[in-house]
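This is start04.csv (CSV, C-alpha atoms).
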chain,number,residue,atom,x,y,z
B,1,MET,CA,83.5,45.4,-6.8
B,2,GLN,CA,81.7,48.3,-8.3
B,3,PRO,CA,82.5,51.9,-7.3
B,4,ILE,CA,79.7,53.8,-5.7
B,5,GLU,CA,79.2,57.5,-5.3
B,6,LEU,CA,78.8,59.0,-1.9
B,7,THR,CA,75.3,60.4,-1.4
B,8,ARG,CA,76.5,63.1,1.0
B,9,ASP,CA,79.7,64.5,2.5
B,10,CYS,CA,81.2,61.9,4.9
B,11,ALA,CA,84.0,61.9,7.5
B,12,VAL,CA,86.3,58.9,7.3
B,13,THR,CA,89.4,57.7,9.1
B,14,LEU,CA,92.4,56.8,6.9
B,15,ILE,CA,93.8,53.3,7.4
B,16,PRO,CA,96.3,52.6,8.9
B,17,GLY,CA,97.4,56.1,10.0
B,18,GLY,CA,94.1,57.1,11.7
B,19,GLU,CA,94.0,60.6,10.2
B,20,ARG,CA,90.5,62.1,9.7
B,21,LEU,CA,89.4,63.1,6.2
B,22,GLN,CA,86.3,64.6,4.8
B,23,LEU,CA,85.0,63.0,1.5
B,24,GLY,CA,82.6,65.0,-0.6
B,25,ARG,CA,79.3,64.1,-2.0
B,26,GLY,CA,79.7,62.4,-5.4
B,27,GLU,CA,83.2,61.0,-4.6
B,28,ARG,CA,83.6,57.4,-5.8
B,29,VAL,CA,84.6,54.7,-3.4
B,30,VAL,CA,84.7,50.9,-3.4
B,31,VAL,CA,83.5,49.0,-0.3
B,32,THR,CA,86.1,46.4,0.5
B,33,GLN,CA,84.8,45.2,3.9
B,34,ALA,CA,81.5,45.6,5.7
B,35,LEU,CA,81.7,44.0,9.1
B,36,GLY,CA,80.5,44.9,12.6
B,37,GLY,CA,78.5,47.8,11.3
B,38,SER,CA,81.4,49.8,9.9
B,39,PHE,CA,82.8,49.8,6.4
B,40,THR,CA,86.3,49.8,4.8
B,41,VAL,CA,86.4,51.6,1.5
B,42,GLN,CA,89.0,52.2,-1.1
B,43,ILE,CA,89.3,55.9,-2.0
B,44,SER,CA,91.4,57.9,-4.3
B,45,ARG,CA,95.0,56.8,-5.0
B,46,GLY,CA,94.2,53.4,-3.7
B,47,ARG,CA,94.1,54.5,-0.1
B,48,LEU,CA,91.8,52.7,2.4
B,49,ALA,CA,89.5,54.5,4.8
B,50,ARG,CA,87.0,53.4,7.5
B,51,VAL,CA,83.4,54.7,7.4
B,52,ALA,CA,81.6,54.6,10.7
B,53,ALA,CA,78.3,52.7,11.0
B,54,ALA,CA,76.5,56.1,11.5
B,55,ASP,CA,77.5,57.1,8.0
B,56,ALA,CA,76.3,54.0,6.2
B,57,ASP,CA,73.7,56.1,4.4
B,58,ALA,CA,76.5,58.1,2.6
B,59,LEU,CA,77.3,54.8,1.0
B,60,GLY,CA,73.7,54.2,0.0
B,61,ARG,CA,73.5,51.5,2.7
B,62,ASP,CA,71.2,51.1,5.7
B,63,ALA,CA,73.0,51.3,9.0
B,64,GLN,CA,73.2,47.8,10.4
B,65,ARG,CA,71.2,47.7,13.5
B,66,GLN,CA,73.5,46.6,16.3
B,67,GLU,CA,71.7,43.9,18.2
B,68,GLN,CA,71.3,45.2,21.7
B,69,PRO,CA,72.5,42.7,24.2
B,70,GLN,CA,69.8,41.3,26.4
B,71,ALA,CA,70.2,40.9,30.1
B,72,SER,CA,70.6,37.2,30.7
B,73,SER,CA,68.1,35.5,33.0
B,74,GLY,CA,70.9,35.1,35.5
B,75,GLY,CA,72.0,38.7,35.3
B,76,PHE,CA,75.3,40.0,33.9
B,77,ASP,CA,77.6,37.4,32.3
B,78,ILE,CA,81.2,38.2,31.0
B,79,GLN,CA,80.3,36.2,27.9
B,80,GLN,CA,78.1,39.2,26.9
B,81,VAL,CA,81.3,41.3,26.9
B,82,PHE,CA,83.1,38.9,24.6
B,83,ASP,CA,80.0,38.7,22.3
B,84,MET,CA,80.0,42.5,21.9
B,85,LEU,CA,83.8,42.6,21.4
B,86,ARG,CA,83.3,40.0,18.6
B,87,THR,CA,81.4,42.8,16.7
B,88,VAL,CA,84.5,45.0,16.6
B,89,TYR,CA,86.6,44.4,13.5
B,90,ASP,CA,90.0,45.4,12.4
B,91,PRO,CA,89.4,47.6,9.3
B,92,GLU,CA,92.2,46.0,7.4
B,93,ILE,CA,91.7,42.3,8.4
B,94,PRO,CA,88.3,40.7,8.2
B,95,VAL,CA,88.5,39.2,11.7
B,96,ASN,CA,87.1,40.5,15.0
B,97,VAL,CA,89.4,41.8,17.7
B,98,VAL,CA,88.7,38.7,20.0
B,99,ASP,CA,89.6,36.1,17.3
B,100,LEU,CA,92.5,38.2,16.1
B,101,GLY,CA,93.9,37.9,19.6
B,102,LEU,CA,93.9,41.7,20.4
B,103,ILE,CA,92.0,41.3,23.7
B,104,TYR,CA,94.8,40.5,26.2
B,105,GLN,CA,92.7,40.8,29.4
B,106,CYS,CA,89.0,41.3,30.2
B,107,GLU,CA,87.9,41.5,33.8
B,108,THR,CA,84.7,42.6,35.6
B,109,ARG,CA,84.1,43.9,39.0
B,110,LEU,CA,80.8,44.4,40.8
B,111,LEU,CA,80.3,48.0,41.9
B,112,ALA,CA,78.6,49.2,45.1
B,113,ASP,CA,75.6,50.3,43.1
B,114,GLY,CA,75.1,46.8,41.6
B,115,GLY,CA,76.5,47.7,38.2
B,116,GLN,CA,79.5,46.1,36.6
B,117,ARG,CA,82.9,47.7,35.8
B,118,VAL,CA,84.5,46.1,32.8
B,119,GLU,CA,88.3,46.6,32.3
B,120,ILE,CA,89.8,45.6,29.0
B,121,LYS,CA,93.4,45.5,27.9
B,122,MET,CA,93.8,45.3,24.2
B,123,SER,CA,96.6,45.6,21.7
B,124,MET,CA,97.0,46.3,18.0
B,125,THR,CA,98.6,44.2,15.3
B,126,ALA,CA,101.5,46.8,15.0
B,127,PRO,CA,102.8,49.5,17.3
B,128,GLY,CA,102.4,52.2,14.6
B,129,CYS,CA,98.8,51.4,13.9
B,130,GLY,CA,96.8,54.6,13.9
B,131,MET,CA,93.5,52.8,14.3
B,132,GLY,CA,94.1,52.1,18.0
B,133,ASP,CA,91.9,54.9,19.3
B,134,VAL,CA,89.2,54.1,16.8
B,135,LEU,CA,89.0,50.4,17.8
B,136,LYS,CA,89.3,51.4,21.5
B,137,GLU,CA,86.3,53.8,21.2
B,138,GLU,CA,84.3,51.2,19.3
B,139,ALA,CA,85.0,48.5,22.0
B,140,TYR,CA,84.1,51.0,24.7
B,141,THR,CA,80.8,52.0,23.1
B,142,LYS,CA,79.7,48.5,22.4
B,143,VAL,CA,80.6,47.1,25.9
B,144,GLN,CA,79.0,50.2,27.5
B,145,SER,CA,75.7,49.2,25.8
B,146,ILE,CA,75.4,45.9,27.7
B,147,PRO,CA,72.6,46.0,30.3
B,148,GLY,CA,74.1,46.1,33.8
B,149,VAL,CA,77.4,47.6,32.7
B,150,SER,CA,78.0,50.9,34.5
B,151,GLU,CA,81.7,51.6,33.8
B,152,VAL,CA,84.1,50.6,31.0
B,153,GLU,CA,87.8,51.1,30.8
B,154,VAL,CA,89.7,50.1,27.6
B,155,GLU,CA,93.4,50.4,27.7
B,156,ILE,CA,95.8,49.9,24.7
B,157,VAL,CA,98.8,47.9,25.7
B,158,TRP,CA,101.9,47.0,23.8
B,159,ASP,CA,103.5,44.4,26.1
B,160,PRO,CA,103.7,41.7,25.1
B,161,PRO,CA,103.8,42.6,21.4
B,162,TRP,CA,101.0,41.0,19.4
B,163,ASP,CA,101.9,38.2,17.0
B,164,GLN,CA,100.0,35.7,14.9
B,165,SER,CA,100.2,33.0,17.6
B,166,ARG,CA,97.5,35.0,19.5
B,167,MET,CA,94.9,34.4,16.8
B,168,SER,CA,92.2,31.8,17.2
B,169,GLU,CA,92.4,28.7,15.0
B,170,ALA,CA,89.2,29.9,13.2
B,171,ALA,CA,90.9,33.3,12.4
B,172,ARG,CA,94.1,31.6,11.1
B,173,LEU,CA,91.9,29.3,8.9
B,174,GLN,CA,89.9,32.2,7.6
B,175,LEU,CA,93.0,34.1,6.6
B,176,GLY,CA,94.8,31.1,5.2
B,177,LEU,CA,97.5,31.0,7.8
B,178,PHE,CA,98.3,27.5,8.8

Would you mind writing the file out in structure tokens?
Amino acid sequence: MQPIELTRDCAVTLIPGGERLQLGRGERVVVTQALGGSFTVQISRGRLARVAAADADALGRDAQRQEQPQASSGGFDIQQVFDMLRTVYDPEIPVNVVDLGLIYQCETRLLADGGQRVEIKMSMTAPGCGMGDVLKEEAYTKVQSIPGVSEVEVEIVWDPPWDQSRMSEAARLQLGLF
């Protein structure tokens, strides 16, 4: 992978701690992962950082257009929620949060105004993971974009603790875990 120079100043989130950092124009980074619209880059001293989709241009990339979910002919369907959650990726592991087994519960409720309330309980791969708020916000934003969704609540939970048995078979195969 070739290093690239940032075309402008860019805010990033350090992985796994979650601290915010400003990288300057001309700094060299290596893109190690580009999934779900965001990017994981290797920066100075071998550290990893997450670049949000909105800052793709700083990497000389076009922002991936997030496909807007279409209202299904039968109205709202919870599958739309899972489809959107499958576009949220752990910045260290190239697997989406659904197949990684981080979504513990997803429920919907019809509101009086006809909209849907979506309640999601999700975990992280480790209790000390500083990326929880980043992934929580990304999940919230993407689910909120679904037609018919009026309210979204995403809660980070730690009980039960996440382990590899929660991963889908496809995720285990992709990561070489048998």

Self-check item: Sel. within 8 Å of pt (81.2, 60.8, -2.8), counting all atoms listed in the file, output as a ChimeraX atom specification
Solution: /B:4-10,23-29,58

Exercise. Go ahead and compute the interatomic distance for atom CA of B:Ile156 and atom CA of B:Ala56, in Å to one decimal.
Key: 27.2 Å

Practice problem: Tell me which protein, DNA and RNA residues are within 10 Å of B:Lys136, counting only C-alpha atoms, leaving out same-chain ones fewer than 6 positions away, and put them as a ChimeraX atom specification. | Solution: /B:88,120-124,153-156

Quiz item: Interatomic distance between atom CA of B:Val30 and atom CA of B:Ile43?
Solution: 6.9 Å

Using only C-alpha atoms, I'd like a table of the residues in stretch 38-154 of chain B that come within 10 Å of stretch 13-17 of chain B; for each, show the closest atom pair and its distance in Å rounded to one decimal, ordered by chain and ascending number, as a tab-separated table.
residue	atom	partner	partner_atom	distance
B:Thr40	CA	B:Ile15	CA	8.7
B:Val41	CA	B:Leu14	CA	9.6
B:Gln42	CA	B:Ile15	CA	9.8
B:Ile43	CA	B:Leu14	CA	9.5
B:Arg47	CA	B:Leu14	CA	7.6
B:Leu48	CA	B:Ile15	CA	5.4
B:Ala49	CA	B:Leu14	CA	4.3
B:Arg50	CA	B:Thr13	CA	5.2
B:Val51	CA	B:Thr13	CA	6.9
B:Ala52	CA	B:Thr13	CA	8.5
B:Pro91	CA	B:Ile15	CA	7.4
B:Glu92	CA	B:Ile15	CA	7.5
B:Ala126	CA	B:Pro16	CA	9.9
B:Gly128	CA	B:Gly17	CA	7.8
B:Cys129	CA	B:Pro16	CA	5.7
B:Gly130	CA	B:Gly17	CA	4.2
B:Met131	CA	B:Pro16	CA	6.1
B:Gly132	CA	B:Pro16	CA	9.4
B:Val134	CA	B:Thr13	CA	8.5

Self-check item: Separation of atom CA of B:Asp159 from atom CA of B:Ser38, in Å and rounded to one decimal
Solution: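 Answer for the atom CA of B:Asp159 to atom CA of B:Ser38 separation: 27.9 Å.
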
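Closest approach to B:Gln174 from the set B:Asn96, B:Ser145, B:Gln80, B:Thr87 is made by B:Asn96, with distances taken over all atoms listed in the file.
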
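Counting only C-alpha atoms and comparing B:Val31, B:Ser44, B:Val157, B:Asp55, the residue that lies closest to B:Val12 is B:Asp55.
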
Using all atoms listed in the file, which residues sit within 6 Å of B:Glu119 once same-chain residues fewer than 2 positions away are excluded, as a compact mmCIF listing (two decimals) with C-alpha atoms, in the coordinates of the input?
# COMPACT_ATOMS: atom_id res chain seq x y z
CA CYS B 106 89.00 41.30 30.20
CA GLU B 107 87.90 41.50 33.80
CA VAL B 152 84.10 50.60 31.00
CA GLU B 153 87.80 51.10 30.80

Practice problem: Would you mind telling me which residue in B:Arg117, B:Glu19, B:Thr32, B:Asp77 lies nearest to B:Tyr140 when using all atoms listed in the file? | Solution: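 Of B:Arg117, B:Glu19, B:Thr32, B:Asp77, the one nearest B:Tyr140 is B:Arg117, counting all atoms listed in the file.
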
Practice problem: Identify which of the residues B:Gly46, B:Asp83, B:Val149, B:Val95 lies closest to B:Ser168, counting only C-alpha atoms when measuring atom-to-atom distances. | Solution: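 Ranking B:Gly46, B:Asp83, B:Val149, B:Val95 by distance to B:Ser168, first place goes to B:Val95.
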
Practice problem: Point out the residue among B:Leu173, B:Val97, B:Leu111, B:Val81 with the least atom-to-atom distance to B:Glu151, counting only C-alpha atoms. | Solution: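 Distance minimum relative to B:Glu151 lands on B:Leu111.
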
Quiz prompt | Among the residues B:Thr108, B:Ser165, B:Gln144, B:Gln33, the one that comes closest to B:Tyr89 [using only C-alpha atoms] | solution =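 Looking at the shortest contact to B:Tyr89, the residue is B:Gln33.
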
Will you model N, CA and C atoms for stretch 13-49 of chain B and pass it back as a JSON list (two decimals), in the coordinates of the input?
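Writing done, so here's selection-v8.json:
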[["chain", "number", "residue", "atom", "x", "y", "z"],
["B", 13, "THR", "N", 88.09, 57.79, 8.41],
["B", 13, "THR", "CA", 89.40, 57.70, 9.10],
["B", 13, "THR", "C", 90.31, 56.89, 8.14],
["B", 14, "LEU", "N", 91.44, 57.49, 7.79],
["B", 14, "LEU", "CA", 92.40, 56.80, 6.90],
["B", 14, "LEU", "C", 93.03, 55.64, 7.62],
["B", 15, "ILE", "N", 93.25, 54.56, 6.86],
["B", 15, "ILE", "CA", 93.80, 53.30, 7.40],
["B", 15, "ILE", "C", 95.22, 53.20, 6.75],
["B", 16, "PRO", "N", 96.27, 52.93, 7.48],
["B", 16, "PRO", "CA", 96.30, 52.60, 8.90],
["B", 16, "PRO", "C", 96.65, 53.78, 9.80],
["B", 17, "GLY", "N", 96.87, 54.97, 9.24],
["B", 17, "GLY", "CA", 97.40, 56.10, 10.00],
["B", 17, "GLY", "C", 96.42, 56.68, 11.04],
["B", 18, "GLY", "N", 95.10, 56.56, 10.78],
["B", 18, "GLY", "CA", 94.10, 57.10, 11.70],
["B", 18, "GLY", "C", 93.78, 58.55, 11.53],
["B", 19, "GLU", "N", 94.29, 59.19, 10.47],
["B", 19, "GLU", "CA", 94.00, 60.60, 10.20],
["B", 19, "GLU", "C", 92.53, 60.71, 9.75],
["B", 20, "ARG", "N", 91.87, 61.81, 10.15],
["B", 20, "ARG", "CA", 90.50, 62.10, 9.70],
["B", 20, "ARG", "C", 90.52, 62.82, 8.41],
["B", 21, "LEU", "N", 89.54, 62.51, 7.55],
["B", 21, "LEU", "CA", 89.40, 63.10, 6.20],
["B", 21, "LEU", "C", 87.97, 63.28, 5.90],
["B", 22, "GLN", "N", 87.64, 64.34, 5.19],
["B", 22, "GLN", "CA", 86.30, 64.60, 4.80],
["B", 22, "GLN", "C", 86.17, 64.23, 3.28],
["B", 23, "LEU", "N", 85.30, 63.29, 2.92],
["B", 23, "LEU", "CA", 85.00, 63.00, 1.50],
["B", 23, "LEU", "C", 83.79, 63.74, 1.11],
["B", 24, "GLY", "N", 83.76, 64.18, -0.13],
["B", 24, "GLY", "CA", 82.60, 65.00, -0.60],
["B", 24, "GLY", "C", 81.58, 64.14, -1.32],
["B", 25, "ARG", "N", 80.38, 64.68, -1.31],
["B", 25, "ARG", "CA", 79.30, 64.10, -2.00],
["B", 25, "ARG", "C", 79.70, 63.85, -3.48],
["B", 26, "GLY", "N", 79.39, 62.67, -4.02],
["B", 26, "GLY", "CA", 79.70, 62.40, -5.40],
["B", 26, "GLY", "C", 81.08, 61.68, -5.57],
["B", 27, "GLU", "N", 81.94, 61.71, -4.53],
["B", 27, "GLU", "CA", 83.20, 61.00, -4.60],
["B", 27, "GLU", "C", 82.95, 59.51, -4.78],
["B", 28, "ARG", "N", 83.79, 58.85, -5.56],
["B", 28, "ARG", "CA", 83.60, 57.40, -5.80],
["B", 28, "ARG", "C", 84.49, 56.61, -4.87],
["B", 29, "VAL", "N", 83.89, 55.59, -4.28],
["B", 29, "VAL", "CA", 84.60, 54.70, -3.40],
["B", 29, "VAL", "C", 84.21, 53.26, -3.70],
["B", 30, "VAL", "N", 85.02, 52.32, -3.25],
["B", 30, "VAL", "CA", 84.70, 50.90, -3.40],
["B", 30, "VAL", "C", 84.70, 50.30, -2.00],
["B", 31, "VAL", "N", 83.58, 49.68, -1.62],
["B", 31, "VAL", "CA", 83.50, 49.00, -0.30],
["B", 31, "VAL", "C", 84.27, 47.72, -0.39],
["B", 32, "THR", "N", 85.28, 47.58, 0.47],
["B", 32, "THR", "CA", 86.10, 46.40, 0.50],
["B", 32, "THR", "C", 85.78, 45.47, 1.67],
["B", 33, "GLN", "N", 85.14, 46.03, 2.69],
["B", 33, "GLN", "CA", 84.80, 45.20, 3.90],
["B", 33, "GLN", "C", 83.61, 45.92, 4.57],
["B", 34, "ALA", "N", 82.63, 45.11, 4.97],
["B", 34, "ALA", "CA", 81.50, 45.60, 5.70],
["B", 34, "ALA", "C", 81.20, 44.64, 6.84],
["B", 35, "LEU", "N", 81.83, 44.90, 7.99],
["B", 35, "LEU", "CA", 81.70, 44.00, 9.10],
["B", 35, "LEU", "C", 81.52, 44.81, 10.42],
["B", 36, "GLY", "N", 80.70, 44.29, 11.31],
["B", 36, "GLY", "CA", 80.50, 44.90, 12.60],
["B", 36, "GLY", "C", 79.83, 46.27, 12.55],
["B", 37, "GLY", "N", 79.22, 46.58, 11.42],
["B", 37, "GLY", "CA", 78.50, 47.80, 11.30],
["B", 37, "GLY", "C", 79.30, 48.91, 10.56],
["B", 38, "SER", "N", 80.63, 48.83, 10.58],
["B", 38, "SER", "CA", 81.40, 49.80, 9.90],
["B", 38, "SER", "C", 81.88, 49.30, 8.53],
["B", 39, "PHE", "N", 82.46, 50.19, 7.73],
["B", 39, "PHE", "CA", 82.80, 49.80, 6.40],
["B", 39, "PHE", "C", 84.29, 50.25, 6.11],
["B", 40, "THR", "N", 85.00, 49.43, 5.36],
["B", 40, "THR", "CA", 86.30, 49.80, 4.80],
["B", 40, "THR", "C", 86.10, 50.09, 3.36],
["B", 41, "VAL", "N", 86.56, 51.26, 2.92],
["B", 41, "VAL", "CA", 86.40, 51.60, 1.50],
["B", 41, "VAL", "C", 87.74, 52.01, 0.93],
["B", 42, "GLN", "N", 87.86, 51.74, -0.37],
["B", 42, "GLN", "CA", 89.00, 52.20, -1.10],
["B", 42, "GLN", "C", 88.67, 53.55, -1.70],
["B", 43, "ILE", "N", 89.53, 54.54, -1.46],
["B", 43, "ILE", "CA", 89.30, 55.90, -2.00],
["B", 43, "ILE", "C", 90.33, 56.24, -2.99],
["B", 44, "SER", "N", 90.45, 57.51, -3.32],
["B", 44, "SER", "CA", 91.40, 57.90, -4.30],
["B", 44, "SER", "C", 92.82, 57.48, -4.05],
["B", 45, "ARG", "N", 93.56, 57.28, -5.10],
["B", 45, "ARG", "CA", 95.00, 56.80, -5.00],
["B", 45, "ARG", "C", 95.14, 55.51, -4.32],
["B", 46, "GLY", "N", 94.10, 54.68, -4.28],
["B", 46, "GLY", "CA", 94.20, 53.40, -3.70],
["B", 46, "GLY", "C", 94.22, 53.31, -2.18],
["B", 47, "ARG", "N", 94.02, 54.46, -1.53],
["B", 47, "ARG", "CA", 94.10, 54.50, -0.10],
["B", 47, "ARG", "C", 92.81, 53.84, 0.50],
["B", 48, "LEU", "N", 92.95, 53.32, 1.73],
["B", 48, "LEU", "CA", 91.80, 52.70, 2.40],
["B", 48, "LEU", "C", 91.36, 53.68, 3.54],
["B", 49, "ALA", "N", 90.05, 53.64, 3.79],
["B", 49, "ALA", "CA", 89.50, 54.50, 4.80],
["B", 49, "ALA", "C", 88.34, 53.71, 5.51]]
